[in-house]
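Encoded as structure tokens, the structure appears first; notes follow it.
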Amino acid sequence: MNWISNYVRPKINSIFSRRETPDNLWSKCDECGTMLFHRELKEAQNVCPSCDHHMLIAPRERFETLFDGGVFTEIEVPKALADPLHFRDQKKYPERLKTAQRNTGEPEAMLVATGDMGRAPVVIAGQDFKFMGGSMGMHVGNAIIAGVNYAIAHKLPFILFSAAGGARMQEGILSLMQMPRTTVAVQMLKEAGLPFIVVLTHPTTGGVTASYAMLGDVHIAEPNALIGFAGARVIEQTIREKLPEGFQRAEYLLDHGMLDRVTHRKDLRDDLITITRMLMRQPPAVKGDLPKPEATAPAGDAAE
């Protein structure tokens, strides 16, 4: 018996041919620490089945659960200047953009699309917090304006999902200019008599909260979402008082009249269908007749 060929070689082959478990098969809940299998998490729309914590979800994945059949068409957004201020901290701004694009698979922090939701066409914009904290730069301003223009041209309601840490410091004053730009865009919607519905997700803070995120006709929030302008610690240091329990959370803002409702992610589609139909003076949807979204459906091509 040749122990090298019969024992050593198979042992070496088994070591080198052993497949490692991919890192993306499991995710850990930020709230309770439960390890969640990726398929189970996707079916739950990134909501922890154990503690009901609403984890981050990419706009593209969210759109697939909102539009009929998961089919939507992206609205083309004018390109912003790549590096207008030649900003550099620990890294150059273009390097940070490339890293964010590689990690998210998206060109920027906001995706705008149109399609049918409950057999009625709508325009939806969504911010991606994983893309540089969903920071509001020139692209985000361009995306909102492109979505508003499309909605006005086709007489459609506009729904926006906010998720941001505020303005993008790498674009300086050009980032802050998106606040009045988007405010004017929202006013254009109102003058056209079209609904503007905002869904505030965790977290929505800074200049985003101080502009388009709080200008909706209807404000909805996901459970326990952090919503505010300055951080709680900054406020406490400024006023030198202890803030109430749950301050700046969705439920607290609902109790104090700043939100219209707090809705679980699994119920958002039905709520949005009801609200958009009501505001567009359309007949109520028959639930049994509504097509269901399919998370595996492919996304559409860019619109003109």
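Here's how to read the names in the structure tokens: chain A, B, ... by the order shown, residue numbers from 1 in each chain, ligand numbers from 1 in the order shown.
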(request) Taking the chain letters and numbering used in this document, name the residues of segment 5-178 of chain A that DSSP puts in helix (DSSP H, G or I), as a ChimeraX atom specification. (result) /A:5-17,23-25,38-43,59-66,68-70,93-104,132-134,138-154,169-176,178
(request) Looking only at strand (DSSP E or B) from DSSP on the backbone, list the matching residues of segment 25-266 of chain A as a PyMOL selection string. (result) chain A and resi 26-28+35-37+47+54+73-74+88+92+110-116+121-127+136+158-164+167+196-204+218-221+226-227+249+261-262
(request) Skip Leu56 of chain A itself and residues of its chain fewer than 2 positions away, then list as an NGL selection string all residues within 7 Å of it, counting only C-alpha atoms. (result) :A and (46 or 54 or 58)
Please produce a file of those selected residues containing N, CA, C and O atoms, as a JSON list (two decimals), in the first residue's frame.
[["chain", "number", "residue", "atom", "x", "y", "z"],
["A", 46, "ASN", "N", -35.81, 42.75, 4.30],
["A", 46, "ASN", "CA", -34.76, 43.24, 5.20],
["A", 46, "ASN", "C", -35.32, 43.69, 6.56],
["A", 46, "ASN", "O", -34.82, 44.64, 7.15],
["A", 54, "HIS", "N", -36.17, 47.19, 11.29],
["A", 54, "HIS", "CA", -36.12, 47.50, 9.87],
["A", 54, "HIS", "C", -34.68, 47.83, 9.48],
["A", 54, "HIS", "O", -34.18, 48.92, 9.78],
["A", 58, "ALA", "N", -31.66, 48.54, -0.15],
["A", 58, "ALA", "CA", -31.26, 49.34, -1.31],
["A", 58, "ALA", "C", -32.49, 49.78, -2.09],
["A", 58, "ALA", "O", -33.50, 49.06, -2.13]]
(request) Might you pull out every residue within 12 Å of Glu191 of chain A, with only C-alpha atoms counted and same-chain residues fewer than 6 positions away left off, and present them as a VMD selection string? (result) chain A and resid 148 152 155 184 to 185
(request) Fewer than 4 positions away in the same chain doesn't count, so skip those; otherwise give me all residues within 12 Å of segment 241-252 of chain A, counting only C-alpha atoms, as JSON, numbers by chain. (result) {"A": [199, 200, 201, 202, 203, 204, 205, 209, 219, 220, 221, 222, 223, 224, 225, 226, 227, 228, 229, 230, 231, 232, 233, 234, 235, 236, 237, 256, 257, 258, 259, 260, 261, 262, 263, 264]}
